[in-house]
Amino acid sequence: MSDIGEIDEGFYSRQLYVLGHEAMRRMGTADVLIAGMRGLGVEIAKNVILSGVKTVTIQDEGPAEWTDLSSQFFLKESNLGQNRATCSLQQLSALNPHVRVSAHTGPLDEDLLLQFQVVVLTDSSLHDQKRFNELCHSRGIKFIVADSKGLCGQLFCDFGEEFEVLDENGEEPASALIESVSKANPGMVFLTDDLPREFSNGSKVIFSEVQGMTELNSIGPVEIKDCGKCFFSIGNTSEFSQYERGGVVTEVKQPCKLKFKPLSDALLDHKLLKTNGKIDRHNTLHLAFQALHSFARKEQRLPRLRSQSDADSLLAIVGELNTVAQLDQLDEAAVRTLSYTAQGQLAPINAFIGGLAAQEVIKACSGKFTPLQQWLYFDALECLPEDEDQLTEDCLAAEGTRYDGQTAVFGPAFQEKLERQKYFLVGAGAIGCELLKNFALMGLGAGEGGQITVTDMDFIERSNLNRQFLFRSQDIGKPKSDVAAKAVREMNPRMNITAHQNRLDADSEGVYDYNFFMGLDGVAAALDNVEARVYLDGRCVQHQKPLVEGGTLGCQGSTVVVVPHLTKSYGPSTSSSNDAIPLCTLKNFPHRIEHTLQWARDQFEGLFKQTPENVNLFLRDDGFVERTLGLGDAEALEVLWGLWSSLQNTEAGGQRPTSWEDCVSWARCKWETLYNNDIRQLLHCFPPGEVTAAGLPFWAGSKRCPHPLTFDPNNTTHMDYVVAAANLYGQIFRISGTRDRASITKTLEKVRLPSFTPKSSVKIHLSDEEMEEDKQDDKAELEEWKGKLASSSVESSFMLMYPIDFEKDDDSNFHVDYIVAASNLRAENYDIPAADRHQSKRIAGRIIPAIATTTAAVAGLMCLELYKLVQGHRNISSYSTAYMYLPVTHIVFCPPSPAHGFEVSTSSLPPTDIFSRSQRLFTHSEPIALHRTPIGTALLKRFTLFRLYTFRVSDVVKMVTKTEIPPHKKMLELMPSFTEDEDCEIVPPIRYMLM
């Protein structure tokens, strides 16, 4: 952001939904120093540069070494011996054209630090950390220390004596509709039960649109107490007017101020240590990292790999430190492991710690979210081999390869195994890019016999560049998978990677078939929707392949690992249509901006996509009308009327335009219908003073009484609708439009509006159930429209229309223009607060907020699980399911759920019932363990796809061939090998029998 206040919304689109405009503007004024350009430093720099601060200066005095290449993704073998900062500068600068990046190759000093608002130290000594923190603390410079050693990481934050947090958690302010307010002391506010956002004691709220007790609308933020799900109390309302109806209550977020201790004091305060379940271990690591600095200062080196004597020395230093700390229990095993692996540099660890550290930089620059207070430790010691005896000091010696930083932890044998892996990555978006970067650094699939296959059907868009860091502006329009594959080959030329552009679904099963999956060692999912995850999980369950999966939503992230026969699978989708907005709410009774935005999106789809598609189908398919009649009378009438009106010009009574003026006229008439006539009809049926059968006001609670609008060409929103609607209407008929409002206004002066009078015969449904029950028999009218269409004389080639697919990221195409105007006009009808373009685009476009920090951290955790999968860990407690919420640095790790077991008794069941029960069980999403019985070895080897018990194979053949479920092709191949009279008991090794 070169100009303060100017935000490139196209580039920062998804991040803006995480941070907001104000936080982004504050970030655009911040200068950041990141010291140390090994793997952790470059990870932090990458994330901070993508986030959009003003400047980033990277500092490093040292030359690139072999151990750097295992986690520093912008260094190549040709850079060995050259300065790390200098070698990284060009590629870091290319990440974000709005951030000025520079390199400093000299030592750190006070004059340098004083130029920055935020200073980050990596790969630094404790002596330097204390010295520079003292300066930063005294001058109000935000100070962060990030460090990683082998499988352990450390993070420290000091944001000074008084740091103001403007938004503690980033959540939307709670808001709800008011049911009633009592005149009392204290007054009680009751909310409607329509998805109320829960309020908390001590929160402050404001009121708006309250009728009757209007005093509430003018008072400032009021503190609330005695909160329940749908009520809370406020101050004295006994002197206020009587509450009548309506009103919205909205939370007002309050800033808070935090105080931080300088590093020297914070070292002694274990209460400042944020643990994530491993309390004893992380308290020990707090001392162990200090001991590591003491060891390195004394010996001028880190502990030797797997050296028992060095581990003893480190443990002794920890013991001395504990005489002051007085920890009840030391995790000596963790200290020894830290000593054994401290020389290691692992890409997944640096990705995780780097993601968290960069998020703290964003907090420091923006005041958005609650900073870490003040220490955080992380370890992934469970990644080590279950049998560590194979790792010795001799076998871990550096060999001068790009994987030295990784073999220092796991040894060369494991490295060879990693390089032989065959993995399938589904998705090359934000998480996919991060995973591929980690794969390249780890060497996954980069050896003889190894292979990475990546598929993604999408093409690169500008909004991707802010977090999908393998892509650059010159790549826009190219396939994501191709560009990502090329980028990681440049990181590691040994990568064996194949890029596909296939969607993973039933249509691609010819490509990703049985042989493809059986040739894999595992699958990684970087998908953006639940349905795709569930489908991929099912394919992995079917073929017994481990799956590691991750997802993000803004600053929230999660990871899941599925291990065949050990852990619970991802399982079927738990989403339901219960979250859908009722049709009657959209049609007549909206009360939230989400309702008007969904209504506007439905209008767009119906007018500019579905109707043109129906016209084209009608012109090309003689059976279209008959199929339409089978949809139901109401829907069929709507479709047939849309067909006829789109095929007939205005002179014949239709709505097919022949000129741009016709398009403007159509848009103006549509405006009048939607925002005046339809509202007048609704109020005719239910006047403002209407009461229910129970004598209660009809327009109360979630039902907001609307009012019609009067078109005003001087009203910007009114004209926004006409301009967008006319241009979109012209596009579906290939008629060129214009943005010239002056000429459109002149055209509007000539438009003649049809007269309208509300009708008492119109029935408006109050619920979806009533709408469903009250479907009228319109056969006669349907036949009339059918006859009109049959008698219409149309030339197919000249009548074809051009449907429009909604595209939210092109600001020149009128799509979002239409949605914003249409929604806000309807919101005005119902006195719903309008939404700006940014908010409207997110809701209507169903945009998933995203930020690079969360993506990097999630990908790091996924690759730590991958280490365990490749080693073949069988202890379920070694694996982790993770959830993180970075606005408050809340991270939870827990073991995955174990696989459910089932036992089937078949002693009294005939073969047909056995098959039926087996079929039901084997299509279950969980792994199934059956009681094992003796079986002939030869038979077991040949028949590996069944879980059938004691009956004739001839019966199985008959049942399988008669079932409507197509058997797995392998089953058919195996069937002929059995005789008609052969009996057997079979124990299969996989979860599914039939797919």
# chains A, B, ... in the order shown; residues from 1 in each chain; ligands from 1

$ closest_atom_pairs --of "stretch 87-185 of chain A" --to "stretch 460-473 of chain A" --cutoff "10 Å" --atoms "only C-alpha atoms" --output "Markdown table"
| residue | atom | partner | partner_atom | distance |
| --- | --- | --- | --- | --- |
| A:Leu92 | CA | A:Phe469 | CA | 9.9 |
| A:Ala94 | CA | A:Arg472 | CA | 7.5 |
| A:Leu95 | CA | A:Phe469 | CA | 6.8 |
| A:Asn96 | CA | A:Asn466 | CA | 7.5 |
| A:Pro97 | CA | A:Ser473 | CA | 9.6 |

$ residues_around --residues "A:Gly235" --least-positions-apart "4" --cutoff "10 Å" --atoms "only C-alpha atoms" --output "number ranges by chain"
A: 184-188, 222-225

$ write_last_selection --atoms "all heavy atoms" --output "mmCIF file, in the first residue's frame"
data_model
loop_
_atom_site.group_PDB
_atom_site.id
_atom_site.type_symbol
_atom_site.label_atom_id
_atom_site.label_comp_id
_atom_site.auth_asym_id
_atom_site.auth_seq_id
_atom_site.Cartn_x
_atom_site.Cartn_y
_atom_site.Cartn_z
ATOM 1 N N ALA A 184 -38.893 -0.891 33.745
ATOM 2 C CA ALA A 184 -38.575 -1.356 35.090
ATOM 3 C C ALA A 184 -37.181 -0.879 35.455
ATOM 4 O O ALA A 184 -36.471 -0.267 34.653
ATOM 5 C CB ALA A 184 -38.665 -2.886 35.164
ATOM 6 N N ASN A 185 -36.783 -1.183 36.668
ATOM 7 C CA ASN A 185 -35.426 -0.887 37.129
ATOM 8 C C ASN A 185 -34.860 -2.137 37.795
ATOM 9 O O ASN A 185 -35.217 -2.459 38.927
ATOM 10 C CB ASN A 185 -35.441 0.276 38.120
ATOM 11 C CG ASN A 185 -34.032 0.720 38.495
ATOM 12 O OD1 ASN A 185 -33.066 0.325 37.858
ATOM 13 N ND2 ASN A 185 -33.925 1.514 39.551
ATOM 14 N N PRO A 186 -34.036 -2.912 37.114
ATOM 15 C CA PRO A 186 -33.528 -2.638 35.765
ATOM 16 C C PRO A 186 -34.514 -3.099 34.693
ATOM 17 O O PRO A 186 -35.331 -3.986 34.918
ATOM 18 C CB PRO A 186 -32.249 -3.480 35.718
ATOM 19 C CG PRO A 186 -32.570 -4.647 36.592
ATOM 20 C CD PRO A 186 -33.433 -4.117 37.704
ATOM 21 N N GLY A 187 -34.405 -2.480 33.524
ATOM 22 C CA GLY A 187 -35.229 -2.893 32.402
ATOM 23 C C GLY A 187 -34.703 -4.184 31.801
ATOM 24 O O GLY A 187 -33.493 -4.408 31.730
ATOM 25 N N MET A 188 -35.619 -5.050 31.380
ATOM 26 C CA MET A 188 -35.241 -6.314 30.756
ATOM 27 C C MET A 188 -35.491 -6.231 29.251
ATOM 28 O O MET A 188 -36.569 -5.805 28.813
ATOM 29 C CB MET A 188 -36.042 -7.475 31.345
ATOM 30 C CG MET A 188 -35.744 -7.758 32.799
ATOM 31 S SD MET A 188 -34.016 -8.236 33.095
ATOM 32 C CE MET A 188 -33.903 -9.744 32.140
ATOM 33 N N VAL A 222 -24.582 1.075 26.465
ATOM 34 C CA VAL A 222 -25.099 0.708 27.778
ATOM 35 C C VAL A 222 -24.517 -0.637 28.181
ATOM 36 O O VAL A 222 -24.501 -1.583 27.378
ATOM 37 C CB VAL A 222 -26.645 0.606 27.739
ATOM 38 C CG1 VAL A 222 -27.181 0.204 29.100
ATOM 39 C CG2 VAL A 222 -27.247 1.913 27.283
ATOM 40 N N GLU A 223 -24.047 -0.736 29.416
ATOM 41 C CA GLU A 223 -23.534 -2.012 29.906
ATOM 42 C C GLU A 223 -24.694 -2.937 30.234
ATOM 43 O O GLU A 223 -25.712 -2.512 30.795
ATOM 44 C CB GLU A 223 -22.680 -1.796 31.157
ATOM 45 C CG GLU A 223 -22.012 -3.075 31.650
ATOM 46 C CD GLU A 223 -21.056 -2.819 32.800
ATOM 47 O OE1 GLU A 223 -20.552 -1.689 32.919
ATOM 48 O OE2 GLU A 223 -20.818 -3.759 33.576
ATOM 49 N N ILE A 224 -24.554 -4.217 29.860
ATOM 50 C CA ILE A 224 -25.624 -5.185 30.082
ATOM 51 C C ILE A 224 -25.212 -6.194 31.141
ATOM 52 O O ILE A 224 -24.024 -6.476 31.340
ATOM 53 C CB ILE A 224 -26.019 -5.890 28.770
ATOM 54 C CG1 ILE A 224 -24.844 -6.716 28.222
ATOM 55 C CG2 ILE A 224 -26.493 -4.886 27.741
ATOM 56 C CD1 ILE A 224 -25.206 -7.531 26.994
ATOM 57 N N LYS A 225 -26.209 -6.755 31.817
ATOM 58 C CA LYS A 225 -25.970 -7.723 32.889
ATOM 59 C C LYS A 225 -27.016 -8.831 32.786
ATOM 60 O O LYS A 225 -27.948 -8.768 31.980
ATOM 61 C CB LYS A 225 -26.053 -7.040 34.255
ATOM 62 C CG LYS A 225 -25.048 -5.917 34.468
ATOM 63 C CD LYS A 225 -25.244 -5.251 35.820
ATOM 64 C CE LYS A 225 -24.260 -4.105 36.013
ATOM 65 N NZ LYS A 225 -24.458 -3.407 37.314
#

$ closest_residue --among "A:Glu638, A:Val56, A:Asp147, A:Leu728" --to "A:Ser812" --atoms "only C-alpha atoms"
A:Leu728

$ select_by_dssp --residues "stretch 387-540 of chain A" --states "helix (DSSP H, G or I)" --output "VMD selection string"
chain A and resid 388 to 390 404 to 410 412 to 420 430 to 442 462 to 464 473 to 475 480 to 491 506 to 508 514 to 518 530 to 540

$ residues_around --residues "A:Gly400" --least-positions-apart "6" --cutoff "10 Å" --atoms "only C-alpha atoms" --output "number ranges by chain"
A: 65-67

$ closest_residue --among "A:Asp111, A:Glu509, A:Asp8, A:Asp123" --to "A:Ile34" --atoms "only C-alpha atoms"
A:Asp123
